[in-house]
Amino acid sequence: MGPHPAVAAIRLAVRRVLHDILTELNTPAGVPAATAVERTPERPPGLPAAPLVLVACSGGADSMALASALAFEAPRLGVRAGGVTVDHGLQSGSDLRAEEVVLRLRELGLDPVEATAVTVGREGGPEAAARDARYAALDAAAARHGAAAVLLGHTRDDQAETVLLGLARGSGIRSLSGMAAVSGAGGRYRRPFLQVDRQTARKACMVQSLPVWDDPHNADPAYTRSRLRHEGLPALEKALGKGVVEALARTAQLSRDDADALDTWARQAEAGVRDATGGLECAKLYALPPAVRRRILRRAALEAGAPGGALFARHIEEVDRLITGWRGQGAINLPGKVVARRQGGRLVIRQG
């Protein structure tokens with residue numbers, strides 16, 4: 001008799017991602033992974049016999065299900081499996097819970113396993129600050145252990161919430177594309193569960209008798225995502241019927257494909273709108289489609305030092321008006337003390 005369907009689903013999702021990681025590690029430089037001959041679990045010369053994959057685990061149902069699936073699949077594919085839990089220090093006793101998570105991961109057979117404490121700042125709001133601190137800690141842990149990848153337990157439900165939050169911000173098609181299955185420097189972060197619903201992950205924990213911890217912040221209406229999860233999405237499903245989460249997840253993938261294509265177009269077009277000094281020529285920018293032009297402007301603002309998390313569509317629209325609605329207006333102040341101004345037919349974006 002095979003495993004419970006929920007357990008089978010999470011294991012299959014993790015197995016696919018591990019195969020992807022191994023194929024990429026086994027692919028010679030310059031050869032597309034899709035055309036490489038798979039040699040899993042054999043390793044090419046010069047690389048460790050068994051690559052390490054870490055799971056980021058909070059102790060919640062999603063990440064515990066992910067940890068259990070990784071612990072099961074990794075040794076069958078010649079992969080070492082470890083885990084990291086991040087103590088944000090935002091609740092009383094968080095250090096003790098982190099120690100409990102470490103113990104549970106070790107009981108699953110993961111090694112190495114560690115808890116890392118972070119200090120959460122205030123920039124961008126509590127949710128964004130906690131996320132920034134968490135990813136910094138995960139980056140450091142991956143570098144410290146030489147991990148090939150870090151698995152994250154975001155589910156299809158999380159993806160739907162992310163799409164709705166992006167829609168509410170009005171930040172454009174990129175924000176509607178939600179979370180990528182592969183992200184981070186060198187494709188470090190992998191999200192195997194983006195096609196798995198939250199209930200499946202919780203069911204997998206239950207049938208395996210895995211203890212889980214429900215973070216009270218996830219039910220706290222002070223947090224935007226919590227309100228969306230417990231009020232917004234249920235209201236949408238009541239009004240529109242079941243299937244809203246699945247539709248939003250599909251929207252994320254379609255939006256990501258479109259956004260990737262436009263980003264590629266913008267990168268290719270950027271060289272043609274810069275003059276000999278590297279400045280942006282307004283007349284050439286004006287001739288581009290708005291979606292391409294605004295991507296070039298956003299990229300220029302980021303390169304000048306504007307923080308991506310604080311640079312919104314309304315900022316780029318104001319800079320865009322220096323090109324499309326020029327009436328001699330003054331400079332535009334952007335986040336990160338970046339200033340955009342038009343000077344003699346050129347657009348200058350720099351700090352100060």
# chains A, B, ... in the order shown; residues from 1 in each chain; ligands from 1
>>> residues_around(residues="Ser183 of chain A", least_positions_apart="6", cutoff="12 Å", atoms="only C-alpha atoms", output="PyMOL selection string")
chain A and resi 135+149-152+189-192
>>> residues_around(residues="segment 114-128 of chain A", least_positions_apart="2", cutoff="6 Å", atoms="only C-alpha atoms", output="VMD selection string")
chain A and resid 84 to 88 130 to 131 133
>>> residues_around(residues="Ala143 of chain A", least_positions_apart="2", cutoff="12 Å", atoms="only C-alpha atoms", output="list in words")
Leu52, Val53, Leu54, Ala136, Ala137, Leu138, Asp139, Ala140, Ala141, His145, Gly146, Ala147, Ala148, Ala149, Val150, Ala185, Gly186 and Arg188 of chain A
>>> residues_around(residues="Glu100 of chain A", least_positions_apart="5", cutoff="9 Å", atoms="only C-alpha atoms", output="PyMOL selection string")
chain A and resi 59+95+105
>>> write_last_selection(atoms="C-alpha atoms", output="PDB file, in the first residue's frame")
ATOM      1  CA  GLY A  59       7.671  24.635  12.398  1.00  0.00           C
ATOM      2  CA  ASP A  95      14.018  30.968  21.045  1.00  0.00           C
ATOM      3  CA  LEU A 105      14.244  18.378  11.996  1.00  0.00           C
TER       4      LEU A 105
END
>>> closest_atom_pairs(of="segment 249-290 of chain A", to="segment 154-166 of chain A", cutoff="12 Å", atoms="only C-alpha atoms", output="Markdown table")
| residue | atom | partner | partner_atom | distance |
| --- | --- | --- | --- | --- |
| A:Ala249 | CA | A:Ala160 | CA | 5.4 |
| A:Arg250 | CA | A:Ala160 | CA | 9.0 |
| A:Thr251 | CA | A:Val163 | CA | 8.0 |
| A:Ala252 | CA | A:Val163 | CA | 6.5 |
| A:Gln253 | CA | A:Gln159 | CA | 9.9 |
| A:Leu254 | CA | A:Val163 | CA | 11.6 |
| A:Ser255 | CA | A:Val163 | CA | 9.8 |
| A:Arg256 | CA | A:Val163 | CA | 10.9 |
>>> closest_residue(among="A:Ile349, A:Ala276, A:Ala283, A:Ala269", to="Ala304 of chain A", atoms="only C-alpha atoms")
A:Ile349
>>> decode(residues="segment 215-330 of chain A", atoms="C-alpha atoms", output="CSV table (one decimal), in the first residue's frame")
chain,number,residue,atom,x,y,z
A,215,ASP,CA,2.2,31.1,14.3
A,216,PRO,CA,-0.3,33.5,16.0
A,217,HIS,CA,0.8,36.2,13.6
A,218,ASN,CA,-0.9,34.3,10.8
A,219,ALA,CA,-4.2,34.9,12.5
A,220,ASP,CA,-3.5,38.5,13.7
A,221,PRO,CA,-5.7,41.0,11.9
A,222,ALA,CA,-3.0,43.6,12.4
A,223,TYR,CA,-1.2,42.0,9.5
A,224,THR,CA,-2.4,42.7,5.9
A,225,ARG,CA,-1.8,39.1,4.7
A,226,SER,CA,-3.6,37.7,7.7
A,227,ARG,CA,-6.7,39.8,6.9
A,228,LEU,CA,-6.5,38.7,3.3
A,229,ARG,CA,-6.2,35.1,4.3
A,230,HIS,CA,-9.0,35.0,6.8
A,231,GLU,CA,-11.4,37.6,5.4
A,232,GLY,CA,-10.5,38.6,1.8
A,233,LEU,CA,-10.1,35.3,0.1
A,234,PRO,CA,-13.1,33.6,1.8
A,235,ALA,CA,-15.2,36.6,0.7
A,236,LEU,CA,-14.0,36.2,-2.9
A,237,GLU,CA,-14.8,32.5,-2.9
A,238,LYS,CA,-18.2,33.2,-1.4
A,239,ALA,CA,-18.9,35.7,-4.2
A,240,LEU,CA,-17.3,34.0,-7.1
A,241,GLY,CA,-17.4,30.4,-6.2
A,242,LYS,CA,-14.6,27.8,-5.6
A,243,GLY,CA,-11.5,27.9,-7.7
A,244,VAL,CA,-10.4,31.5,-7.0
A,245,VAL,CA,-7.1,30.3,-5.5
A,246,GLU,CA,-6.3,28.1,-8.5
A,247,ALA,CA,-7.2,30.9,-10.9
A,248,LEU,CA,-5.0,33.4,-9.1
A,249,ALA,CA,-2.1,30.9,-9.2
A,250,ARG,CA,-2.6,30.5,-13.0
A,251,THR,CA,-2.7,34.3,-13.3
A,252,ALA,CA,0.7,34.5,-11.5
A,253,GLN,CA,2.3,32.1,-14.0
A,254,LEU,CA,0.8,33.9,-17.1
A,255,SER,CA,1.8,37.3,-15.7
A,256,ARG,CA,5.3,36.0,-15.0
A,257,ASP,CA,5.7,34.8,-18.6
A,258,ASP,CA,4.6,38.2,-19.9
A,259,ALA,CA,6.8,40.1,-17.5
A,260,ASP,CA,9.8,38.0,-18.3
A,261,ALA,CA,9.3,38.7,-22.0
A,262,LEU,CA,9.0,42.5,-21.5
A,263,ASP,CA,12.0,42.5,-19.2
A,264,THR,CA,14.1,40.9,-21.9
A,265,TRP,CA,12.8,43.4,-24.5
A,266,ALA,CA,13.7,46.3,-22.2
A,267,ARG,CA,17.2,45.0,-21.6
A,268,GLN,CA,17.8,44.7,-25.3
A,269,ALA,CA,16.3,48.1,-26.0
A,270,GLU,CA,18.2,49.9,-23.2
A,271,ALA,CA,21.5,50.0,-25.1
A,272,GLY,CA,19.8,51.8,-28.0
A,273,VAL,CA,18.5,54.7,-25.9
A,274,ARG,CA,21.8,55.5,-24.2
A,275,ASP,CA,24.2,58.1,-25.6
A,276,ALA,CA,28.0,57.9,-25.7
A,277,THR,CA,28.3,58.9,-22.0
A,278,GLY,CA,25.7,56.4,-20.9
A,279,GLY,CA,22.9,58.9,-20.4
A,280,LEU,CA,19.3,58.2,-21.4
A,281,GLU,CA,18.1,60.0,-24.5
A,282,CYS,CA,14.5,61.2,-24.0
A,283,ALA,CA,13.6,61.2,-27.7
A,284,LYS,CA,14.6,57.6,-28.1
A,285,LEU,CA,12.8,56.6,-24.8
A,286,TYR,CA,9.6,58.4,-26.0
A,287,ALA,CA,9.6,56.1,-29.1
A,288,LEU,CA,9.4,52.9,-27.1
A,289,PRO,CA,6.2,51.2,-25.9
A,290,PRO,CA,5.3,52.5,-22.4
A,291,ALA,CA,5.8,49.0,-20.8
A,292,VAL,CA,9.3,48.8,-22.2
A,293,ARG,CA,10.2,52.4,-21.4
A,294,ARG,CA,9.1,52.2,-17.8
A,295,ARG,CA,11.1,49.1,-17.2
A,296,ILE,CA,14.2,50.9,-18.4
A,297,LEU,CA,13.4,53.8,-16.1
A,298,ARG,CA,12.9,51.5,-13.1
A,299,ARG,CA,16.1,49.7,-13.8
A,300,ALA,CA,18.0,53.0,-14.0
A,301,ALA,CA,16.5,54.1,-10.7
A,302,LEU,CA,17.5,50.8,-9.0
A,303,GLU,CA,21.0,51.2,-10.4
A,304,ALA,CA,21.2,54.7,-9.0
A,305,GLY,CA,20.4,53.3,-5.5
A,306,ALA,CA,16.6,53.4,-5.1
A,307,PRO,CA,15.5,50.4,-2.9
A,308,GLY,CA,13.3,48.0,-4.9
A,309,GLY,CA,10.9,47.5,-2.0
A,310,ALA,CA,10.1,51.2,-1.8
A,311,LEU,CA,10.1,52.0,-5.5
A,312,PHE,CA,6.4,51.9,-6.7
A,313,ALA,CA,4.6,52.2,-10.0
A,314,ARG,CA,3.6,55.8,-9.1
A,315,HIS,CA,7.3,56.8,-8.8
A,316,ILE,CA,8.1,55.4,-12.2
A,317,GLU,CA,5.0,57.1,-13.7
A,318,GLU,CA,6.2,60.5,-12.4
A,319,VAL,CA,9.6,59.9,-14.0
A,320,ASP,CA,7.9,58.8,-17.2
A,321,ARG,CA,6.1,62.2,-17.4
A,322,LEU,CA,9.5,63.8,-17.7
A,323,ILE,CA,9.6,62.1,-21.1
A,324,THR,CA,6.0,61.9,-22.3
A,325,GLY,CA,4.6,65.1,-20.6
A,326,TRP,CA,7.6,67.5,-20.5
A,327,ARG,CA,6.5,71.0,-19.5
A,328,GLY,CA,9.7,72.1,-17.9
A,329,GLN,CA,8.8,70.6,-14.5
A,330,GLY,CA,11.4,70.1,-11.8
